[in-house]
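Everything below belongs to data.txt, which stores compact mmCIF, C-alpha atoms.
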```txt
# COMPACT_ATOMS: atom_id res chain seq x y z
CA MET A 14 0.44 30.57 -39.74
CA GLN A 15 2.93 29.18 -42.23
CA ALA A 16 1.47 26.95 -44.97
CA GLY A 17 2.04 23.26 -44.32
CA LYS A 18 3.24 23.76 -40.76
CA PRO A 19 1.68 21.09 -38.56
CA ILE A 20 -0.64 22.15 -35.75
CA LEU A 21 -0.55 20.46 -32.37
CA TYR A 22 -3.71 20.72 -30.31
CA SER A 23 -2.00 20.59 -26.96
CA TYR A 24 -2.70 20.81 -23.25
CA PHE A 25 0.39 21.74 -21.25
CA ARG A 26 -0.18 19.14 -18.53
CA SER A 27 -1.45 16.25 -20.63
CA SER A 28 1.03 13.37 -20.73
CA CYS A 29 -0.40 12.45 -24.16
CA SER A 30 0.45 15.90 -25.54
CA TRP A 31 3.87 15.87 -23.94
CA ARG A 32 4.80 12.56 -25.60
CA VAL A 33 4.05 14.08 -28.99
CA ARG A 34 5.93 17.29 -28.18
CA ILE A 35 9.04 15.25 -27.35
CA ALA A 36 8.77 13.39 -30.68
CA LEU A 37 8.39 16.68 -32.57
CA ALA A 38 11.41 18.13 -30.77
CA LEU A 39 13.58 15.05 -31.38
CA LYS A 40 12.72 15.10 -35.07
CA SER A 41 13.24 18.89 -35.28
CA ILE A 42 9.75 19.43 -36.68
CA ASP A 43 8.55 23.02 -36.39
CA TYR A 44 4.88 23.28 -35.39
CA GLU A 45 2.13 25.60 -34.20
CA THR A 46 0.56 24.96 -30.82
CA ILE A 47 -3.17 25.46 -30.33
CA PRO A 48 -3.81 25.05 -26.61
CA ILE A 49 -6.96 23.19 -25.62
CA ASN A 50 -8.38 22.79 -22.17
CA LEU A 51 -10.07 19.50 -22.77
CA VAL A 52 -8.02 16.44 -21.96
CA LYS A 53 -9.16 13.36 -23.78
CA ASP A 54 -8.84 9.73 -22.79
CA GLY A 55 -6.33 7.14 -23.59
CA GLY A 56 -3.23 6.59 -25.56
CA GLN A 57 -4.52 7.70 -28.98
CA GLN A 58 -1.58 10.03 -29.48
CA LEU A 59 0.75 7.06 -30.02
CA ALA A 60 -0.85 6.84 -33.49
CA ILE A 61 0.55 10.31 -34.22
CA ILE A 62 4.00 9.25 -33.03
CA GLU A 63 3.95 6.14 -35.25
CA TYR A 64 2.89 8.40 -38.15
CA LEU A 65 5.76 10.81 -37.44
CA GLU A 66 8.14 7.86 -37.30
CA GLU A 67 7.00 6.64 -40.72
CA THR A 68 6.99 10.02 -42.44
CA ARG A 69 10.01 11.56 -40.68
CA PRO A 70 12.22 8.56 -39.88
CA THR A 71 15.23 10.50 -38.53
CA PRO A 72 16.13 10.11 -35.71
CA GLN A 73 14.51 6.72 -35.30
CA LEU A 74 12.18 6.29 -32.34
CA LEU A 75 11.88 2.54 -32.95
CA PRO A 76 14.90 0.18 -33.13
CA GLN A 77 15.55 -1.86 -36.29
CA ASP A 78 15.45 -5.25 -34.57
CA PRO A 79 11.86 -6.66 -34.37
CA LYS A 80 12.38 -8.01 -30.83
CA LYS A 81 13.67 -4.68 -29.59
CA ARG A 82 10.78 -2.93 -31.36
CA ALA A 83 8.41 -5.25 -29.52
CA TYR A 84 10.03 -4.31 -26.20
CA VAL A 85 9.65 -0.62 -27.03
CA ARG A 86 5.98 -1.09 -27.93
CA MET A 87 5.34 -3.31 -24.91
CA ILE A 88 6.67 -0.64 -22.57
CA SER A 89 4.81 2.11 -24.44
CA ASP A 90 1.54 0.16 -24.34
CA LEU A 91 1.99 -0.67 -20.67
CA ILE A 92 2.16 3.04 -19.91
CA THR A 93 -0.39 4.37 -22.41
CA GLY A 94 -2.86 1.49 -22.11
CA GLY A 95 -2.18 0.08 -18.66
CA ILE A 96 -1.48 3.13 -16.50
CA GLN A 97 -2.38 6.48 -18.06
CA PRO A 98 -6.06 5.75 -18.92
CA LEU A 99 -6.74 4.84 -15.27
CA GLN A 100 -5.42 8.10 -13.86
CA ASN A 101 -6.61 10.66 -16.38
CA LEU A 102 -8.94 13.52 -15.54
CA SER A 103 -12.22 12.06 -16.79
CA VAL A 104 -11.75 8.83 -14.85
CA LEU A 105 -10.66 10.61 -11.66
CA LYS A 106 -13.77 12.80 -11.91
CA GLN A 107 -15.90 9.68 -12.07
CA VAL A 108 -14.09 8.13 -9.10
CA GLY A 109 -14.97 11.13 -6.94
CA GLN A 110 -12.90 13.76 -5.13
CA GLU A 111 -12.26 11.80 -1.92
CA ASN A 112 -10.99 8.63 -3.66
CA GLN A 113 -8.92 10.23 -6.44
CA LEU A 114 -5.49 10.16 -4.85
CA THR A 115 -5.72 6.53 -3.68
CA TRP A 116 -7.14 5.41 -7.02
CA ALA A 117 -4.40 7.14 -9.04
CA GLN A 118 -1.63 5.92 -6.74
CA LYS A 119 -2.87 2.34 -7.02
CA ALA A 120 -3.01 2.50 -10.83
CA ILE A 121 0.48 3.96 -11.03
CA THR A 122 2.21 1.71 -8.47
CA SER A 123 0.63 -1.39 -9.96
CA GLY A 124 1.89 -0.37 -13.41
CA PHE A 125 5.31 0.74 -12.15
CA ASN A 126 5.84 -2.60 -10.36
CA ALA A 127 5.53 -4.33 -13.75
CA LEU A 128 7.50 -1.63 -15.56
CA GLU A 129 10.46 -1.65 -13.16
CA GLN A 130 10.82 -5.40 -13.65
CA ILE A 131 10.66 -5.15 -17.45
CA LEU A 132 13.17 -2.28 -17.56
CA GLN A 133 15.65 -4.25 -15.48
CA SER A 134 16.04 -6.60 -18.45
CA THR A 135 15.59 -4.17 -21.39
CA ALA A 136 17.26 -0.94 -20.26
CA GLY A 137 20.64 0.40 -21.15
CA ARG A 138 21.10 4.12 -20.83
CA TYR A 139 17.41 4.46 -21.78
CA CYS A 140 14.31 2.20 -21.62
CA VAL A 141 15.49 -0.17 -24.36
CA GLY A 142 19.22 -0.13 -24.93
CA ASP A 143 21.15 3.08 -25.46
CA GLU A 144 18.98 4.91 -27.98
CA VAL A 145 16.02 7.16 -27.15
CA SER A 146 12.84 5.40 -28.26
CA MET A 147 9.08 5.77 -28.18
CA ALA A 148 9.15 4.05 -24.77
CA ASP A 149 11.17 6.94 -23.35
CA LEU A 150 8.61 9.44 -24.69
CA CYS A 151 6.01 7.58 -22.65
CA LEU A 152 8.12 7.15 -19.52
CA VAL A 153 8.96 10.75 -18.66
CA PRO A 154 5.39 12.17 -18.79
CA GLN A 155 4.16 9.21 -16.72
CA VAL A 156 6.81 9.74 -14.04
CA ALA A 157 5.76 13.41 -13.89
CA ASN A 158 2.18 12.24 -13.28
CA ALA A 159 3.43 9.88 -10.56
CA GLU A 160 5.12 12.82 -8.87
CA ARG A 161 1.94 14.92 -9.09
CA PHE A 162 0.06 12.11 -7.37
CA LYS A 163 2.79 11.83 -4.70
CA VAL A 164 3.77 8.26 -5.56
CA ASP A 165 6.88 7.12 -3.67
CA LEU A 166 9.50 6.43 -6.36
CA MET A 167 12.04 4.78 -4.05
CA PRO A 168 10.99 1.23 -5.07
CA TYR A 169 11.66 2.11 -8.73
CA PRO A 170 15.40 2.79 -9.09
CA THR A 171 15.55 1.91 -12.81
CA ILE A 172 12.54 4.06 -13.69
CA SER A 173 13.98 6.95 -11.67
CA ARG A 174 17.46 6.66 -13.15
CA ILE A 175 16.24 6.59 -16.76
CA ASN A 176 13.80 9.44 -16.12
CA LYS A 177 16.60 11.62 -14.75
CA THR A 178 18.88 10.85 -17.69
CA LEU A 179 16.11 11.70 -20.18
CA LEU A 180 15.17 14.96 -18.47
CA ALA A 181 18.69 16.21 -19.17
CA LEU A 182 18.00 16.06 -22.93
CA GLU A 183 16.94 19.22 -24.77
CA ALA A 184 13.89 17.58 -26.44
CA PHE A 185 12.46 16.61 -23.08
CA GLN A 186 13.03 20.09 -21.68
CA VAL A 187 11.52 22.23 -24.46
CA SER A 188 8.45 19.98 -24.48
CA HIS A 189 8.02 20.06 -20.68
CA PRO A 190 4.60 21.12 -19.27
CA CYS A 191 6.24 23.98 -17.39
CA ARG A 192 7.31 25.64 -20.67
CA GLN A 193 4.18 25.53 -22.85
CA PRO A 194 2.13 28.45 -24.27
CA ASP A 195 -0.82 27.47 -22.06
CA THR A 196 1.18 26.88 -18.87
CA PRO A 197 -0.29 29.08 -16.13
CA PRO A 198 2.25 31.57 -14.64
CA GLU A 199 2.36 29.84 -11.25
CA LEU A 200 3.50 26.56 -12.88
CA ARG A 201 6.16 28.03 -15.16
CA ALA A 202 9.82 27.22 -14.74
CA MET B 4 5.18 -29.53 -28.01
CA GLN B 5 6.77 -28.93 -31.40
CA ALA B 6 10.11 -27.09 -31.34
CA GLY B 7 9.83 -23.43 -32.28
CA LYS B 8 6.04 -23.39 -32.14
CA PRO B 9 4.92 -20.18 -30.48
CA ILE B 10 3.00 -20.38 -27.22
CA LEU B 11 0.05 -18.09 -26.51
CA TYR B 12 -0.76 -17.57 -22.86
CA SER B 13 -4.46 -17.02 -23.38
CA TYR B 14 -7.68 -16.46 -21.47
CA PHE B 15 -10.75 -17.39 -23.51
CA ARG B 16 -12.74 -14.27 -22.58
CA SER B 17 -9.95 -11.68 -22.63
CA SER B 18 -10.35 -9.23 -25.50
CA CYS B 19 -6.56 -8.78 -25.46
CA SER B 20 -6.02 -12.51 -26.05
CA TRP B 21 -8.71 -12.63 -28.72
CA ARG B 22 -7.07 -9.84 -30.73
CA VAL B 23 -3.85 -11.85 -30.86
CA ARG B 24 -5.69 -15.07 -31.74
CA ILE B 25 -7.29 -13.33 -34.73
CA ALA B 26 -3.87 -12.10 -35.91
CA LEU B 27 -2.42 -15.61 -35.56
CA ALA B 28 -5.35 -17.08 -37.52
CA LEU B 29 -5.13 -14.48 -40.29
CA LYS B 30 -1.42 -15.11 -40.66
CA SER B 31 -1.90 -18.90 -40.51
CA ILE B 32 0.54 -19.24 -37.65
CA ASP B 33 0.23 -22.54 -35.79
CA TYR B 34 0.56 -22.15 -32.02
CA GLU B 35 0.13 -23.82 -28.64
CA THR B 36 -2.36 -22.35 -26.20
CA ILE B 37 -1.57 -22.26 -22.50
CA PRO B 38 -4.73 -21.08 -20.77
CA ILE B 39 -4.30 -18.67 -17.88
CA ASN B 40 -6.96 -17.45 -15.50
CA LEU B 41 -5.41 -14.12 -14.75
CA VAL B 42 -6.46 -11.24 -16.95
CA LYS B 43 -3.95 -8.45 -17.06
CA ASP B 44 -4.50 -4.75 -17.71
CA GLY B 45 -4.28 -2.72 -20.76
CA GLY B 46 -3.51 -2.99 -24.40
CA GLN B 47 -0.04 -4.53 -24.10
CA GLN B 48 -0.91 -7.28 -26.56
CA LEU B 49 -0.82 -4.78 -29.45
CA ALA B 50 2.98 -5.02 -29.14
CA ILE B 51 2.72 -8.72 -30.03
CA ILE B 52 0.54 -7.91 -33.03
CA GLU B 53 3.02 -5.30 -34.30
CA TYR B 54 5.79 -7.90 -33.83
CA LEU B 55 3.81 -10.49 -35.81
CA GLU B 56 3.23 -7.89 -38.52
CA GLU B 57 6.96 -7.19 -38.80
CA THR B 58 8.12 -10.80 -38.74
CA ARG B 59 5.21 -12.37 -40.68
CA PRO B 60 4.07 -9.60 -43.01
CA THR B 61 1.49 -11.61 -45.00
CA PRO B 62 -1.38 -10.81 -45.00
CA GLN B 63 -0.73 -7.22 -43.99
CA LEU B 64 -2.60 -5.95 -40.94
CA LEU B 65 -1.43 -2.38 -41.57
CA PRO B 66 -2.03 -0.52 -44.86
CA GLN B 67 0.93 0.80 -46.89
CA ASP B 68 -0.18 4.44 -46.85
CA PRO B 69 1.09 6.31 -43.73
CA LYS B 70 -2.20 8.22 -43.30
CA LYS B 71 -4.24 5.04 -43.46
CA ARG B 72 -1.80 3.37 -41.05
CA ALA B 73 -2.36 6.30 -38.68
CA TYR B 74 -6.14 5.79 -38.93
CA VAL B 75 -5.71 2.09 -38.15
CA ARG B 76 -3.52 2.86 -35.14
CA MET B 77 -5.80 5.68 -33.97
CA ILE B 78 -8.79 3.33 -33.95
CA SER B 79 -6.76 0.54 -32.32
CA ASP B 80 -5.45 2.89 -29.62
CA LEU B 81 -8.91 4.34 -29.00
CA ILE B 82 -10.15 0.83 -28.22
CA THR B 83 -7.10 -0.60 -26.43
CA GLY B 84 -6.14 2.59 -24.57
CA GLY B 85 -9.40 4.51 -24.33
CA ILE B 86 -12.04 1.87 -23.71
CA GLN B 87 -10.71 -1.57 -22.77
CA PRO B 88 -8.53 -0.54 -19.78
CA LEU B 89 -11.55 1.10 -18.11
CA GLN B 90 -13.75 -1.97 -18.27
CA ASN B 91 -11.35 -4.78 -17.52
CA LEU B 92 -11.65 -7.10 -14.55
CA SER B 93 -9.15 -5.49 -12.20
CA VAL B 94 -10.69 -2.03 -12.60
CA LEU B 95 -14.26 -3.32 -12.21
CA LYS B 96 -13.20 -5.09 -9.03
CA GLN B 97 -11.89 -1.81 -7.68
CA VAL B 98 -15.08 0.04 -8.67
CA GLY B 99 -17.17 -2.37 -6.58
CA GLN B 100 -19.91 -4.85 -7.41
CA GLU B 101 -22.85 -2.43 -7.33
CA ASN B 102 -21.29 0.17 -9.68
CA GLN B 103 -19.66 -2.18 -12.20
CA LEU B 104 -22.33 -2.25 -14.87
CA THR B 105 -22.86 1.53 -14.95
CA TRP B 106 -19.12 2.17 -14.95
CA ALA B 107 -18.43 -0.25 -17.82
CA GLN B 108 -21.38 1.01 -19.86
CA LYS B 109 -20.21 4.59 -19.47
CA ALA B 110 -16.65 3.74 -20.54
CA ILE B 111 -17.90 1.84 -23.58
CA THR B 112 -20.58 4.28 -24.78
CA SER B 113 -18.23 7.21 -24.36
CA GLY B 114 -15.62 5.42 -26.47
CA PHE B 115 -18.13 4.13 -29.01
CA ASN B 116 -19.54 7.64 -29.55
CA ALA B 117 -16.07 8.74 -30.70
CA LEU B 118 -15.44 5.51 -32.61
CA GLU B 119 -18.72 5.59 -34.57
CA GLN B 120 -17.89 9.10 -35.77
CA ILE B 121 -14.35 8.17 -36.81
CA LEU B 122 -15.51 5.04 -38.64
CA GLN B 123 -18.06 7.02 -40.63
CA SER B 124 -15.15 8.69 -42.38
CA THR B 125 -12.58 5.85 -42.48
CA ALA B 126 -14.63 2.70 -43.05
CA GLY B 127 -15.18 0.77 -46.23
CA ARG B 128 -16.11 -2.84 -45.85
CA TYR B 129 -13.99 -2.88 -42.68
CA CYS B 130 -12.74 -0.24 -40.18
CA VAL B 131 -10.30 1.40 -42.60
CA GLY B 132 -11.13 0.77 -46.25
CA ASP B 133 -11.74 -2.71 -47.62
CA GLU B 134 -8.86 -4.68 -46.09
CA VAL B 135 -8.88 -6.33 -42.66
CA SER B 136 -6.48 -4.41 -40.40
CA MET B 137 -5.29 -4.27 -36.81
CA ALA B 138 -8.25 -1.96 -36.09
CA ASP B 139 -10.66 -4.78 -36.95
CA LEU B 140 -8.84 -7.12 -34.56
CA CYS B 141 -9.55 -4.59 -31.82
CA LEU B 142 -13.16 -3.86 -32.83
CA VAL B 143 -14.72 -7.32 -32.65
CA PRO B 144 -13.53 -8.26 -29.13
CA GLN B 145 -14.61 -4.83 -27.87
CA VAL B 146 -18.11 -5.18 -29.35
CA ALA B 147 -18.36 -8.59 -27.65
CA ASN B 148 -17.50 -6.87 -24.35
CA ALA B 149 -20.15 -4.23 -25.05
CA GLU B 150 -22.71 -6.99 -25.50
CA ARG B 151 -21.65 -8.66 -22.26
CA PHE B 152 -22.20 -5.36 -20.47
CA LYS B 153 -25.61 -4.93 -22.17
CA VAL B 154 -24.67 -1.74 -24.02
CA ASP B 155 -27.39 -0.68 -26.51
CA LEU B 156 -25.72 -0.87 -29.94
CA MET B 157 -28.55 0.85 -31.86
CA PRO B 158 -26.76 4.25 -31.86
CA TYR B 159 -23.72 2.61 -33.53
CA PRO B 160 -24.81 1.40 -36.98
CA THR B 161 -21.32 1.53 -38.50
CA ILE B 162 -19.71 -0.33 -35.60
CA SER B 163 -22.48 -2.95 -35.74
CA ARG B 164 -22.30 -3.41 -39.50
CA ILE B 165 -18.50 -3.87 -39.56
CA ASN B 166 -18.61 -6.20 -36.55
CA LYS B 167 -21.18 -8.41 -38.29
CA THR B 168 -19.14 -8.53 -41.51
CA LEU B 169 -15.97 -9.45 -39.61
CA LEU B 170 -17.65 -12.19 -37.55
CA ALA B 171 -18.40 -13.99 -40.82
CA LEU B 172 -14.66 -14.45 -41.43
CA GLU B 173 -12.99 -17.74 -40.46
CA ALA B 174 -10.15 -16.05 -38.51
CA PHE B 175 -12.63 -14.30 -36.24
CA GLN B 176 -14.60 -17.51 -35.67
CA VAL B 177 -11.76 -19.91 -34.79
CA SER B 178 -10.37 -17.31 -32.37
CA HIS B 179 -13.75 -16.64 -30.72
CA PRO B 180 -13.98 -16.94 -26.89
CA CYS B 181 -16.68 -19.59 -27.26
CA ARG B 182 -14.24 -21.95 -29.01
CA GLN B 183 -11.10 -21.87 -26.86
CA PRO B 184 -9.45 -24.70 -24.90
CA ASP B 185 -10.32 -22.97 -21.62
CA THR B 186 -13.91 -22.04 -22.53
CA PRO B 187 -16.21 -23.48 -19.84
CA PRO B 188 -18.79 -25.96 -21.23
CA GLU B 189 -21.75 -23.63 -20.56
CA LEU B 190 -20.23 -20.91 -22.78
CA ARG B 191 -19.24 -23.13 -25.70
CA ALA B 192 -20.82 -22.73 -29.12
```
Can you give me the file's structure in the form of structure tokens?
Amino acid sequence: MQAGKPILYSYFRSSCSWRVRIALALKSIDYETIPINLVKDGGQQLAIIEYLEETRPTPQLLPQDPKKRAYVRMISDLITGGIQPLQNLSVLKQVGQENQLTWAQKAITSGFNALEQILQSTAGRYCVGDEVSMADLCLVPQVANAERFKVDLMPYPTISRINKTLLALEAFQVSHPCRQPDTPPELRA
Amino acid sequence: MQAGKPILYSYFRSSCSWRVRIALALKSIDYETIPINLVKDGGQQLAIIEYLEETRPTPQLLPQDPKKRAYVRMISDLITGGIQPLQNLSVLKQVGQENQLTWAQKAITSGFNALEQILQSTAGRYCVGDEVSMADLCLVPQVANAERFKVDLMPYPTISRINKTLLALEAFQVSHPCRQPDTPPELRA
């Protein structure tokens, strides 16, 4: 391991890990991956992204304008605080096998109903205007989770359109769960 | 209503609202309260606090040092993304009356176990060092929730000590759920 190279403790499927991998890719930061099997709760990894933003400001993941920054953080917090914690592994385990799918779908559709409405007033090419922001790092992994839980995305045209545009970008591809060191062979692409 | 005076849509008992009320009090921002009965999910209100920090930077709620800022955000996100969303009203409703207390206690103790350990290395007088930060705004409302759900706080001496120190500050008192325009008479103090 190279001295000073950051280490990411990562789980291929975790949306929290994926968000950070996108930020690292966008900022061209070389890093070591140490795969871990344990997926932890919540949106804690946003603290890492804010830290990366402050110490490696190029390219910016937050707009200059305070109102636009607030939109970016509002969307990020809606996903990382309002949706993701309710559908992560530890909570689903507690909900019980037979109720998991319904529980996760309810958490995601309830959050996406709010998100779709917000995006209709904030989005340009991406979640807030035409620059990739922290909100976009949160969106793509959450849409992937929605797909895993078989959520119907038809009622969310803005979410779907932005997700598709983002998935065409290199940083979102190299960081994708299907291309990580700990991705099992049957899930590779 | 005075022109330009900000409006806070607030629910006396919501930990999300209380966090913002503390920030407004610390920054001496005069505001109108419009009480609402509906409590919404998640940690979205942190976006408002970051906006206040950027537009009204005094006193600072984030330290200058990027590592310390990351600690503050890590603690804030642990509470607003890892604990609060699992014990809010809409989730408890879904869990069902008979399981609510156990569910909420589990979410809080699991989060507090992690938080107590983090604080043991970051805390001074407050959560991170000796200045009040965004992390402290998140801590106090969450400890109040823990008390409401009858969580035993004995295993969390650092959390308890910081909480007590913070509750002595004016900004945490004027913003307290027991002193809001929509606080029912039987809960006033």
Go through chain A residue by residue and, counting only C-alpha atoms, keep those with an atom at most 10 Å from chain B; for each kept residue give the shortest atom pair and its distance in Å to one decimal, ordered by chain and increasing number, as JSON lines.
```
{"residue": "A:Lys53", "atom": "CA", "partner": "B:Gly85", "partner_atom": "CA", "distance": 8.9}
{"residue": "A:Asp54", "atom": "CA", "partner": "B:Gly85", "partner_atom": "CA", "distance": 5.5}
{"residue": "A:Gly55", "atom": "CA", "partner": "B:Gly85", "partner_atom": "CA", "distance": 4.1}
{"residue": "A:Gly56", "atom": "CA", "partner": "B:Gly84", "partner_atom": "CA", "distance": 5.0}
{"residue": "A:Gln57", "atom": "CA", "partner": "B:Asp80", "partner_atom": "CA", "distance": 4.9}
{"residue": "A:Gln58", "atom": "CA", "partner": "B:Met77", "partner_atom": "CA", "distance": 7.5}
{"residue": "A:Leu59", "atom": "CA", "partner": "B:Asp80", "partner_atom": "CA", "distance": 7.5}
{"residue": "A:Ala60", "atom": "CA", "partner": "B:Arg76", "partner_atom": "CA", "distance": 5.1}
{"residue": "A:Ile61", "atom": "CA", "partner": "B:Ala73", "partner_atom": "CA", "distance": 6.7}
{"residue": "A:Ile62", "atom": "CA", "partner": "B:Ala73", "partner_atom": "CA", "distance": 9.0}
{"residue": "A:Glu63", "atom": "CA", "partner": "B:Ala73", "partner_atom": "CA", "distance": 7.2}
{"residue": "A:Tyr64", "atom": "CA", "partner": "B:Ala73", "partner_atom": "CA", "distance": 5.7}
{"residue": "A:Leu65", "atom": "CA", "partner": "B:Pro69", "partner_atom": "CA", "distance": 9.0}
{"residue": "A:Glu66", "atom": "CA", "partner": "B:Pro69", "partner_atom": "CA", "distance": 9.7}
{"residue": "A:Glu67", "atom": "CA", "partner": "B:Pro69", "partner_atom": "CA", "distance": 6.6}
{"residue": "A:Thr68", "atom": "CA", "partner": "B:Pro69", "partner_atom": "CA", "distance": 7.1}
{"residue": "A:Asp78", "atom": "CA", "partner": "B:Glu57", "partner_atom": "CA", "distance": 9.7}
{"residue": "A:Pro79", "atom": "CA", "partner": "B:Tyr54", "partner_atom": "CA", "distance": 6.2}
{"residue": "A:Lys80", "atom": "CA", "partner": "B:Tyr54", "partner_atom": "CA", "distance": 7.2}
{"residue": "A:Lys81", "atom": "CA", "partner": "B:Tyr54", "partner_atom": "CA", "distance": 9.5}
{"residue": "A:Arg82", "atom": "CA", "partner": "B:Tyr54", "partner_atom": "CA", "distance": 7.5}
{"residue": "A:Ala83", "atom": "CA", "partner": "B:Ala50", "partner_atom": "CA", "distance": 5.4}
{"residue": "A:Tyr84", "atom": "CA", "partner": "B:Ala50", "partner_atom": "CA", "distance": 7.7}
{"residue": "A:Val85", "atom": "CA", "partner": "B:Ala50", "partner_atom": "CA", "distance": 8.3}
{"residue": "A:Arg86", "atom": "CA", "partner": "B:Ala50", "partner_atom": "CA", "distance": 5.1}
{"residue": "A:Met87", "atom": "CA", "partner": "B:Ala50", "partner_atom": "CA", "distance": 5.1}
{"residue": "A:Ile88", "atom": "CA", "partner": "B:Gln47", "partner_atom": "CA", "distance": 7.9}
{"residue": "A:Ser89", "atom": "CA", "partner": "B:Gln47", "partner_atom": "CA", "distance": 8.2}
{"residue": "A:Asp90", "atom": "CA", "partner": "B:Gln47", "partner_atom": "CA", "distance": 5.0}
{"residue": "A:Leu91", "atom": "CA", "partner": "B:Gln47", "partner_atom": "CA", "distance": 5.5}
{"residue": "A:Ile92", "atom": "CA", "partner": "B:Gly45", "partner_atom": "CA", "distance": 8.7}
{"residue": "A:Thr93", "atom": "CA", "partner": "B:Gly84", "partner_atom": "CA", "distance": 6.4}
{"residue": "A:Gly94", "atom": "CA", "partner": "B:Gly84", "partner_atom": "CA", "distance": 4.2}
{"residue": "A:Gly95", "atom": "CA", "partner": "B:Gly45", "partner_atom": "CA", "distance": 4.1}
{"residue": "A:Ile96", "atom": "CA", "partner": "B:Gly45", "partner_atom": "CA", "distance": 7.8}
{"residue": "A:Gln97", "atom": "CA", "partner": "B:Gly84", "partner_atom": "CA", "distance": 8.5}
{"residue": "A:Pro98", "atom": "CA", "partner": "B:Gly84", "partner_atom": "CA", "distance": 6.5}
{"residue": "A:Leu99", "atom": "CA", "partner": "B:Leu89", "partner_atom": "CA", "distance": 6.7}
{"residue": "A:Val104", "atom": "CA", "partner": "B:Leu89", "partner_atom": "CA", "distance": 8.4}
{"residue": "A:Gln107", "atom": "CA", "partner": "B:Trp106", "partner_atom": "CA", "distance": 8.7}
{"residue": "A:Val108", "atom": "CA", "partner": "B:Val98", "partner_atom": "CA", "distance": 8.2}
{"residue": "A:Trp116", "atom": "CA", "partner": "B:Gln97", "partner_atom": "CA", "distance": 8.7}
{"residue": "A:Lys119", "atom": "CA", "partner": "B:Gln97", "partner_atom": "CA", "distance": 10.0}
{"residue": "A:Ala120", "atom": "CA", "partner": "B:Val94", "partner_atom": "CA", "distance": 9.1}
{"residue": "A:Ser123", "atom": "CA", "partner": "B:Asp44", "partner_atom": "CA", "distance": 9.9}
{"residue": "A:Gly124", "atom": "CA", "partner": "B:Asp44", "partner_atom": "CA", "distance": 8.9}
```
Polymer residues at most 12 Å from (-9.4, -4.1, -44.6) by all atoms listed in the file, as an MDAnalysis selection string: chainID B and resid 62:67 71:72 74:75 125:140 165 168:169
Output file for the residues above (C-alpha atoms, as a tab-separated table (two decimals), keeping the file's coordinate frame):
```tsv
chain	number	residue	atom	x	y	z
B	62	PRO	CA	-1.38	-10.81	-45.00
B	63	GLN	CA	-0.73	-7.22	-43.99
B	64	LEU	CA	-2.60	-5.95	-40.94
B	65	LEU	CA	-1.43	-2.38	-41.57
B	66	PRO	CA	-2.03	-0.52	-44.86
B	67	GLN	CA	0.93	0.80	-46.89
B	71	LYS	CA	-4.24	5.04	-43.46
B	72	ARG	CA	-1.80	3.37	-41.05
B	74	TYR	CA	-6.14	5.79	-38.93
B	75	VAL	CA	-5.71	2.09	-38.15
B	125	THR	CA	-12.58	5.85	-42.48
B	126	ALA	CA	-14.63	2.70	-43.05
B	127	GLY	CA	-15.18	0.77	-46.23
B	128	ARG	CA	-16.11	-2.84	-45.85
B	129	TYR	CA	-13.99	-2.88	-42.68
B	130	CYS	CA	-12.74	-0.24	-40.18
B	131	VAL	CA	-10.30	1.40	-42.60
B	132	GLY	CA	-11.13	0.77	-46.25
B	133	ASP	CA	-11.74	-2.71	-47.62
B	134	GLU	CA	-8.86	-4.68	-46.09
B	135	VAL	CA	-8.88	-6.33	-42.66
B	136	SER	CA	-6.48	-4.41	-40.40
B	137	MET	CA	-5.29	-4.27	-36.81
B	138	ALA	CA	-8.25	-1.96	-36.09
B	139	ASP	CA	-10.66	-4.78	-36.95
B	140	LEU	CA	-8.84	-7.12	-34.56
B	165	ILE	CA	-18.50	-3.87	-39.56
B	168	THR	CA	-19.14	-8.53	-41.51
B	169	LEU	CA	-15.97	-9.45	-39.61
```
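Nearest to Arg161 of chain A of all the residues A:His189, A:Arg26, A:Lys106, A:Arg34 is A:Arg26, counting all atoms listed in the file.
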Gap from atom CA of Ser103 of chain A to atom CA of Gln120 of chain B - Å, one decimal: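 Value for the atom CA of Ser103 of chain A-atom CA of Gln120 of chain B distance: 20.0 Å.
You will find atom CA of Ile42 of chain A at 24.8 Å from atom CA of Val156 of chain A.
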Size and centre in Å, one decimal, axis-aligned box, all listed segment 140-143 of chain B atoms plus 8 Å per side, as AutoDock Vina command-line options:
```
--center_x -11.8 --center_y -5.6 --center_z -33.2 --size_x 21.9 --size_y 19.5 --size_z 18.7
```
Pairwise distance for atom CA of Pro9 of chain B and atom CA of Tyr34 of chain B, rounded to one decimal in Å: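 Computing the Euclidean distance for atom CA of Pro9 of chain B and atom CA of Tyr34 of chain B yields 5.0 Å.
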Neighbour residues at most 8 Å from (-2.7, 6.7, -9.3) (only C-alpha atoms) as a PyMOL selection string: chain A and resi 99-100+113-122+159+162+164
Top pick for closest residue to Lys177 of chain A, considering A:Cys191, A:Leu105, A:Val153, A:Leu200 and counting only C-alpha atoms: A:Val153
Nearest to Ser23 of chain A by atom-to-atom distance, counting only C-alpha atoms, from A:Pro154, A:Gly109, A:Pro190, A:Pro48: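 Checking each of A:Pro154, A:Gly109, A:Pro190, A:Pro48 against Ser23 of chain A, counting only C-alpha atoms, the winner is A:Pro48.
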